[in-house]
Amino acid sequence: ILLLLLRYSAQFFGSHLDHLIIACGTVFNQVLLWKVQGKKDENNRTPVLQRLTGHEGVIFSLNFNKPGTLLSSVSDDRSIRLWKITNLTAFETNGFVEPLLVVYGHAARVWDAKLLETCFVSIGEDLVCNVWNYDGNVIKTHKGHSGIELYMYYNYVP
């Protein structure tokens, strides 16, 4: 119950309840991963499988890429972090997550990031929408975005 009170964002990955993974961003700068129907501990709770650390602020949003090999986390520390995921479908037995990339490109809190095949897109409180390559370079910036422009960039196809 305490964990539910401290989470700030969450994202599910999976298409079947038996393999469903949840990533949860907390107000304590961590991303927690666990299986929704994972093995229970001695207190009949599903234990956290991995804690991802590195942010210095609240985690506002999390997103998995389509195949489940990458996870993005964004924060009010103005960073976007990409995490490499190994064996997400068998995470409980032999999966793990490791830091892949940390980028800064916003002058204020980052609200969200979307992982696409060839790039990723971020939006921030600074009214900036950035399109990034997976080397961590901004390849396009749009300032002063509005709702329709966000929709266009979020559905960006190079």
# chains A, B, ... in the order shown; residues from 1 in each chain; ligands from 1
$ residues_around --residues "Val97 (chain A)" --least-positions-apart "3" --cutoff "7 Å" --atoms "only C-alpha atoms" --output "list in words"
Trp83, Lys84, Ile85 and Thr86 of chain A
$ select_by_dssp --residues "region 9-70 of chain A" --states "strand (DSSP E or B)" --output "PDB file with N, CA and C atoms, in the first residue's frame"
ATOM      1  N   SER A   9       4.104   7.848 -11.605  1.00  0.00           N
ATOM      2  CA  SER A   9       3.786   7.459 -12.975  1.00  0.00           C
ATOM      3  C   SER A   9       3.944   5.950 -13.087  1.00  0.00           C
ATOM      4  N   ALA A  10       3.300   5.383 -14.098  1.00  0.00           N
ATOM      5  CA  ALA A  10       3.403   3.940 -14.288  1.00  0.00           C
ATOM      6  C   ALA A  10       3.168   3.598 -15.751  1.00  0.00           C
ATOM      7  N   GLN A  11       3.743   2.479 -16.162  1.00  0.00           N
ATOM      8  CA  GLN A  11       3.568   1.990 -17.528  1.00  0.00           C
ATOM      9  C   GLN A  11       3.601   0.469 -17.498  1.00  0.00           C
ATOM     10  N   PHE A  12       2.675  -0.151 -18.202  1.00  0.00           N
ATOM     11  CA  PHE A  12       2.637  -1.606 -18.316  1.00  0.00           C
ATOM     12  C   PHE A  12       3.285  -2.052 -19.615  1.00  0.00           C
ATOM     13  N   PHE A  13       3.834  -3.275 -19.593  1.00  0.00           N
ATOM     14  CA  PHE A  13       4.309  -3.906 -20.822  1.00  0.00           C
ATOM     15  C   PHE A  13       3.893  -5.361 -20.784  1.00  0.00           C
ATOM     16  N   ILE A  21       4.431  -6.799 -17.018  1.00  0.00           N
ATOM     17  CA  ILE A  21       5.435  -6.092 -16.222  1.00  0.00           C
ATOM     18  C   ILE A  21       4.945  -4.661 -16.011  1.00  0.00           C
ATOM     19  N   ILE A  22       5.180  -4.139 -14.831  1.00  0.00           N
ATOM     20  CA  ILE A  22       4.860  -2.737 -14.575  1.00  0.00           C
ATOM     21  C   ILE A  22       6.138  -2.004 -14.188  1.00  0.00           C
ATOM     22  N   ALA A  23       6.301  -0.826 -14.786  1.00  0.00           N
ATOM     23  CA  ALA A  23       7.367   0.095 -14.400  1.00  0.00           C
ATOM     24  C   ALA A  23       6.671   1.252 -13.695  1.00  0.00           C
ATOM     25  N   CYS A  24       7.169   1.616 -12.549  1.00  0.00           N
ATOM     26  CA  CYS A  24       6.536   2.642 -11.740  1.00  0.00           C
ATOM     27  C   CYS A  24       7.566   3.700 -11.364  1.00  0.00           C
ATOM     28  N   GLY A  25       7.278   4.962 -11.666  1.00  0.00           N
ATOM     29  CA  GLY A  25       8.147   6.063 -11.281  1.00  0.00           C
ATOM     30  C   GLY A  25       7.689   6.627  -9.956  1.00  0.00           C
ATOM     31  N   THR A  26       8.623   6.905  -9.070  1.00  0.00           N
ATOM     32  CA  THR A  26       8.265   7.357  -7.734  1.00  0.00           C
ATOM     33  C   THR A  26       8.639   8.821  -7.519  1.00  0.00           C
ATOM     34  N   VAL A  31      12.797   4.302 -10.451  1.00  0.00           N
ATOM     35  CA  VAL A  31      11.874   3.539 -11.276  1.00  0.00           C
ATOM     36  C   VAL A  31      11.911   2.123 -10.729  1.00  0.00           C
ATOM     37  N   LEU A  32      10.734   1.578 -10.417  1.00  0.00           N
ATOM     38  CA  LEU A  32      10.632   0.230  -9.878  1.00  0.00           C
ATOM     39  C   LEU A  32       9.997  -0.673 -10.922  1.00  0.00           C
ATOM     40  N   LEU A  33      10.512  -1.890 -11.040  1.00  0.00           N
ATOM     41  CA  LEU A  33       9.969  -2.869 -11.981  1.00  0.00           C
ATOM     42  C   LEU A  33       9.552  -4.122 -11.229  1.00  0.00           C
ATOM     43  N   TRP A  34       8.380  -4.643 -11.575  1.00  0.00           N
ATOM     44  CA  TRP A  34       7.960  -5.926 -11.030  1.00  0.00           C
ATOM     45  C   TRP A  34       6.908  -6.557 -11.922  1.00  0.00           C
ATOM     46  N   LYS A  35       6.682  -7.839 -11.718  1.00  0.00           N
ATOM     47  CA  LYS A  35       5.640  -8.553 -12.445  1.00  0.00           C
ATOM     48  C   LYS A  35       4.330  -8.370 -11.703  1.00  0.00           C
ATOM     49  N   GLN A  50      13.559  -4.924  -9.817  1.00  0.00           N
ATOM     50  CA  GLN A  50      14.732  -4.067 -10.012  1.00  0.00           C
ATOM     51  C   GLN A  50      14.360  -2.620  -9.720  1.00  0.00           C
ATOM     52  N   ARG A  51      15.297  -1.904  -9.113  1.00  0.00           N
ATOM     53  CA  ARG A  51      15.169  -0.462  -8.848  1.00  0.00           C
ATOM     54  C   ARG A  51      16.168   0.264  -9.730  1.00  0.00           C
ATOM     55  N   LEU A  52      15.677   1.208 -10.514  1.00  0.00           N
ATOM     56  CA  LEU A  52      16.531   1.998 -11.388  1.00  0.00           C
ATOM     57  C   LEU A  52      16.735   3.366 -10.754  1.00  0.00           C
ATOM     58  N   ILE A  59       9.791  11.261 -11.095  1.00  0.00           N
ATOM     59  CA  ILE A  59       9.662  10.643 -12.420  1.00  0.00           C
ATOM     60  C   ILE A  59       8.253  10.945 -12.935  1.00  0.00           C
ATOM     61  N   PHE A  60       8.168  11.727 -14.014  1.00  0.00           N
ATOM     62  CA  PHE A  60       6.867  12.136 -14.542  1.00  0.00           C
ATOM     63  C   PHE A  60       6.254  11.131 -15.511  1.00  0.00           C
ATOM     64  N   SER A  61       7.088  10.438 -16.268  1.00  0.00           N
ATOM     65  CA  SER A  61       6.535   9.548 -17.283  1.00  0.00           C
ATOM     66  C   SER A  61       7.523   8.435 -17.605  1.00  0.00           C
ATOM     67  N   LEU A  62       6.966   7.289 -17.968  1.00  0.00           N
ATOM     68  CA  LEU A  62       7.735   6.113 -18.380  1.00  0.00           C
ATOM     69  C   LEU A  62       7.118   5.567 -19.653  1.00  0.00           C
ATOM     70  N   ASN A  63       7.961   5.066 -20.550  1.00  0.00           N
ATOM     71  CA  ASN A  63       7.450   4.455 -21.781  1.00  0.00           C
ATOM     72  C   ASN A  63       8.373   3.341 -22.238  1.00  0.00           C
ATOM     73  N   PHE A  64       7.775   2.212 -22.598  1.00  0.00           N
ATOM     74  CA  PHE A  64       8.502   1.114 -23.222  1.00  0.00           C
ATOM     75  C   PHE A  64       8.438   1.287 -24.725  1.00  0.00           C
ATOM     76  N   LEU A  70      13.668  -1.281 -24.650  1.00  0.00           N
ATOM     77  CA  LEU A  70      14.062   0.022 -24.117  1.00  0.00           C
ATOM     78  C   LEU A  70      12.939   0.572 -23.238  1.00  0.00           C
TER      79      LEU A  70
END
$ residues_around --residues "region 111-117 of chain A" --least-positions-apart "4" --cutoff "6 Å" --atoms "only C-alpha atoms" --output "list in words"
Phe60, Ser61, Asn65, Val121, Ser122, Ile123 and Gly124 of chain A
$ write_last_selection --atoms "N, CA, C and O atoms" --output "JSON list (two decimals), in the first residue's frame"
[["chain", "number", "residue", "atom", "x", "y", "z"],
["A", 60, "PHE", "N", 8.17, 11.73, -14.01],
["A", 60, "PHE", "CA", 6.87, 12.14, -14.54],
["A", 60, "PHE", "C", 6.25, 11.13, -15.51],
["A", 60, "PHE", "O", 5.04, 11.01, -15.60],
["A", 61, "SER", "N", 7.09, 10.44, -16.27],
["A", 61, "SER", "CA", 6.54, 9.55, -17.28],
["A", 61, "SER", "C", 7.52, 8.44, -17.61],
["A", 61, "SER", "O", 8.74, 8.63, -17.53],
["A", 65, "ASN", "N", 9.49, 0.85, -25.43],
["A", 65, "ASN", "CA", 9.37, 0.78, -26.88],
["A", 65, "ASN", "C", 8.54, -0.46, -27.22],
["A", 65, "ASN", "O", 8.24, -1.28, -26.36],
["A", 121, "VAL", "N", 11.04, 11.14, -29.08],
["A", 121, "VAL", "CA", 10.50, 12.49, -29.03],
["A", 121, "VAL", "C", 10.23, 12.84, -27.58],
["A", 121, "VAL", "O", 9.72, 12.01, -26.82],
["A", 122, "SER", "N", 10.58, 14.06, -27.18],
["A", 122, "SER", "CA", 10.31, 14.52, -25.82],
["A", 122, "SER", "C", 9.57, 15.85, -25.84],
["A", 122, "SER", "O", 9.72, 16.64, -26.78],
["A", 123, "ILE", "N", 8.76, 16.06, -24.80],
["A", 123, "ILE", "CA", 8.08, 17.34, -24.63],
["A", 123, "ILE", "C", 8.32, 17.81, -23.20],
["A", 123, "ILE", "O", 8.44, 17.00, -22.28],
["A", 124, "GLY", "N", 8.41, 19.13, -23.05],
["A", 124, "GLY", "CA", 8.69, 19.66, -21.72],
["A", 124, "GLY", "C", 7.84, 20.85, -21.37],
["A", 124, "GLY", "O", 7.14, 21.43, -22.20]]
$ select_by_dssp --residues "chain A" --states "alpha helix (DSSP H)" --output "list in words"
Leu2, Leu3, Leu4, Leu5, Leu6, Phe91, Glu92, Thr93, Asn94, Gly147, Ile148, Glu149, Leu150, Tyr151, Met152, Tyr153 and Tyr154 of chain A
$ write_last_selection --atoms "N, CA, C and O atoms" --output "JSON list (two decimals), in the first residue's frame"
[["chain", "number", "residue", "atom", "x", "y", "z"],
["A", 2, "LEU", "N", 1.95, 1.25, 0.75],
["A", 2, "LEU", "CA", 2.85, 2.40, 0.79],
["A", 2, "LEU", "C", 3.38, 2.73, -0.60],
["A", 2, "LEU", "O", 3.42, 3.89, -0.98],
["A", 3, "LEU", "N", 3.74, 1.70, -1.38],
["A", 3, "LEU", "CA", 4.26, 1.92, -2.73],
["A", 3, "LEU", "C", 3.24, 2.65, -3.59],
["A", 3, "LEU", "O", 3.58, 3.54, -4.35],
["A", 4, "LEU", "N", 1.97, 2.29, -3.47],
["A", 4, "LEU", "CA", 0.94, 2.94, -4.28],
["A", 4, "LEU", "C", 0.82, 4.42, -3.94],
["A", 4, "LEU", "O", 0.52, 5.23, -4.79],
["A", 5, "LEU", "N", 1.06, 4.79, -2.71],
["A", 5, "LEU", "CA", 0.97, 6.18, -2.32],
["A", 5, "LEU", "C", 2.16, 7.00, -2.80],
["A", 5, "LEU", "O", 2.08, 8.21, -2.89],
["A", 6, "LEU", "N", 3.27, 6.36, -3.10],
["A", 6, "LEU", "CA", 4.48, 7.06, -3.47],
["A", 6, "LEU", "C", 4.75, 7.08, -4.96],
["A", 6, "LEU", "O", 5.67, 7.73, -5.41],
["A", 91, "PHE", "N", 11.64, -11.67, -17.26],
["A", 91, "PHE", "CA", 12.34, -10.77, -16.36],
["A", 91, "PHE", "C", 12.52, -11.34, -14.96],
["A", 91, "PHE", "O", 13.55, -11.16, -14.33],
["A", 92, "GLU", "N", 11.54, -12.03, -14.48],
["A", 92, "GLU", "CA", 11.58, -12.53, -13.11],
["A", 92, "GLU", "C", 12.72, -13.52, -12.89],
["A", 92, "GLU", "O", 13.31, -13.56, -11.81],
["A", 93, "THR", "N", 13.08, -14.28, -13.91],
["A", 93, "THR", "CA", 14.13, -15.29, -13.75],
["A", 93, "THR", "C", 15.50, -14.83, -14.23],
["A", 93, "THR", "O", 16.50, -15.12, -13.58],
["A", 94, "ASN", "N", 15.56, -14.13, -15.37],
["A", 94, "ASN", "CA", 16.89, -13.75, -15.86],
["A", 94, "ASN", "C", 16.91, -12.42, -16.62],
["A", 94, "ASN", "O", 17.79, -12.18, -17.42],
["A", 147, "GLY", "N", -1.18, 21.86, -28.86],
["A", 147, "GLY", "CA", -1.70, 20.50, -28.87],
["A", 147, "GLY", "C", -1.58, 19.80, -30.20],
["A", 147, "GLY", "O", -1.16, 18.66, -30.28],
["A", 148, "ILE", "N", -1.93, 20.46, -31.31],
["A", 148, "ILE", "CA", -1.88, 19.80, -32.62],
["A", 148, "ILE", "C", -0.43, 19.51, -33.03],
["A", 148, "ILE", "O", -0.14, 18.47, -33.61],
["A", 149, "GLU", "N", 0.49, 20.41, -32.69],
["A", 149, "GLU", "CA", 1.89, 20.17, -33.02],
["A", 149, "GLU", "C", 2.43, 19.00, -32.22],
["A", 149, "GLU", "O", 3.21, 18.20, -32.74],
["A", 150, "LEU", "N", 2.04, 18.87, -30.95],
["A", 150, "LEU", "CA", 2.46, 17.72, -30.16],
["A", 150, "LEU", "C", 1.97, 16.43, -30.78],
["A", 150, "LEU", "O", 2.68, 15.44, -30.86],
["A", 151, "TYR", "N", 0.72, 16.43, -31.25],
["A", 151, "TYR", "CA", 0.18, 15.24, -31.88],
["A", 151, "TYR", "C", 1.02, 14.88, -33.11],
["A", 151, "TYR", "O", 1.37, 13.72, -33.31],
["A", 152, "MET", "N", 1.37, 15.88, -33.91],
["A", 152, "MET", "CA", 2.15, 15.62, -35.12],
["A", 152, "MET", "C", 3.52, 15.06, -34.77],
["A", 152, "MET", "O", 3.98, 14.10, -35.39],
["A", 153, "TYR", "N", 4.20, 15.61, -33.78],
["A", 153, "TYR", "CA", 5.53, 15.13, -33.42],
["A", 153, "TYR", "C", 5.48, 13.78, -32.72],
["A", 153, "TYR", "O", 6.35, 12.95, -32.91],
["A", 154, "TYR", "N", 4.45, 13.55, -31.94],
["A", 154, "TYR", "CA", 4.34, 12.26, -31.26],
["A", 154, "TYR", "C", 4.08, 11.15, -32.26],
["A", 154, "TYR", "O", 4.38, 9.99, -32.00]]
$ atom_distance --atom1 "CA of His55 (chain A)" --atom2 "CA of Leu100 (chain A)"
13.4 Å
$ closest_residue --among "A:Leu20, A:Lys140, A:Gly57, A:Phe120" --to "Leu82 (chain A)" --atoms "only C-alpha atoms"
A:Phe120
$ decode --residues "region 68-79 of chain A" --atoms "all heavy atoms" --output "CSV table (one decimal), in the first residue's frame"
chain,number,residue,atom,x,y,z
A,68,GLY,N,9.9,-3.9,-26.3
A,68,GLY,CA,10.2,-4.0,-24.8
A,68,GLY,C,11.7,-4.2,-24.6
A,68,GLY,O,12.1,-4.7,-23.6
A,69,THR,N,12.5,-3.6,-25.4
A,69,THR,CA,13.9,-3.6,-25.2
A,69,THR,C,14.5,-2.3,-24.7
A,69,THR,O,15.7,-2.3,-24.3
A,69,THR,CB,14.7,-3.9,-26.6
A,69,THR,OG1,14.3,-3.0,-27.5
A,69,THR,CG2,14.3,-5.3,-27.1
A,70,LEU,N,13.7,-1.3,-24.7
A,70,LEU,CA,14.1,0.0,-24.1
A,70,LEU,C,12.9,0.6,-23.2
A,70,LEU,O,11.8,0.3,-23.5
A,70,LEU,CB,14.3,1.0,-25.2
A,70,LEU,CG,15.5,0.9,-26.1
A,70,LEU,CD1,15.6,1.9,-27.2
A,70,LEU,CD2,16.8,0.9,-25.3
A,71,LEU,N,13.3,1.3,-22.2
A,71,LEU,CA,12.4,2.0,-21.4
A,71,LEU,C,12.9,3.5,-21.3
A,71,LEU,O,14.1,3.7,-21.1
A,71,LEU,CB,12.4,1.4,-20.0
A,71,LEU,CG,11.6,2.1,-18.9
A,71,LEU,CD1,10.1,2.1,-19.2
A,71,LEU,CD2,11.9,1.5,-17.5
A,72,SER,N,12.0,4.4,-21.4
A,72,SER,CA,12.4,5.8,-21.1
A,72,SER,C,11.8,6.3,-19.8
A,72,SER,O,10.7,5.9,-19.4
A,72,SER,CB,12.0,6.7,-22.3
A,72,SER,OG,10.5,6.8,-22.3
A,73,SER,N,12.6,7.2,-19.1
A,73,SER,CA,12.0,7.8,-18.0
A,73,SER,C,12.4,9.3,-18.1
A,73,SER,O,13.5,9.7,-18.5
A,73,SER,CB,12.6,7.2,-16.7
A,73,SER,OG,14.0,7.3,-16.7
A,74,VAL,N,11.4,10.1,-17.7
A,74,VAL,CA,11.6,11.6,-17.7
A,74,VAL,C,11.3,12.1,-16.4
A,74,VAL,O,10.5,11.6,-15.6
A,74,VAL,CB,10.8,12.3,-18.8
A,74,VAL,CG1,11.1,11.7,-20.2
A,74,VAL,CG2,9.3,12.2,-18.6
A,75,SER,N,11.9,13.3,-16.1
A,75,SER,CA,11.9,13.8,-14.7
A,75,SER,C,11.8,15.3,-14.6
A,75,SER,O,12.2,16.0,-15.6
A,75,SER,CB,13.1,13.2,-13.9
A,75,SER,OG,13.2,13.8,-12.7
A,76,ASP,N,11.5,15.8,-13.4
A,76,ASP,CA,11.6,17.2,-13.2
A,76,ASP,C,13.1,17.7,-13.0
A,76,ASP,O,13.3,18.8,-12.8
A,76,ASP,CB,10.7,17.7,-12.1
A,76,ASP,CG,11.1,17.2,-10.7
A,76,ASP,OD1,12.0,16.4,-10.6
A,76,ASP,OD2,10.4,17.7,-9.8
A,77,ASP,N,14.0,16.7,-13.1
A,77,ASP,CA,15.4,17.1,-13.1
A,77,ASP,C,15.9,17.5,-14.5
A,77,ASP,O,17.1,17.7,-14.7
A,77,ASP,CB,16.3,16.0,-12.5
A,77,ASP,CG,16.4,14.7,-13.4
A,77,ASP,OD1,15.8,14.7,-14.5
A,77,ASP,OD2,17.0,13.7,-12.9
A,78,ARG,N,15.0,17.5,-15.4
A,78,ARG,CA,15.2,18.0,-16.8
A,78,ARG,C,15.9,16.9,-17.7
A,78,ARG,O,16.4,17.2,-18.8
A,78,ARG,CB,15.9,19.3,-16.9
A,78,ARG,CG,15.2,20.4,-16.2
A,78,ARG,CD,15.9,21.7,-16.2
A,78,ARG,NE,15.2,22.7,-15.4
A,78,ARG,CZ,15.5,23.9,-15.2
A,78,ARG,NH1,16.7,24.3,-15.7
A,78,ARG,NH2,14.8,24.7,-14.5
A,79,SER,N,16.0,15.7,-17.2
A,79,SER,CA,16.7,14.7,-18.0
A,79,SER,C,15.7,13.7,-18.6
A,79,SER,O,14.6,13.5,-18.1
A,79,SER,CB,17.7,14.0,-17.1
A,79,SER,OG,17.1,13.1,-16.2
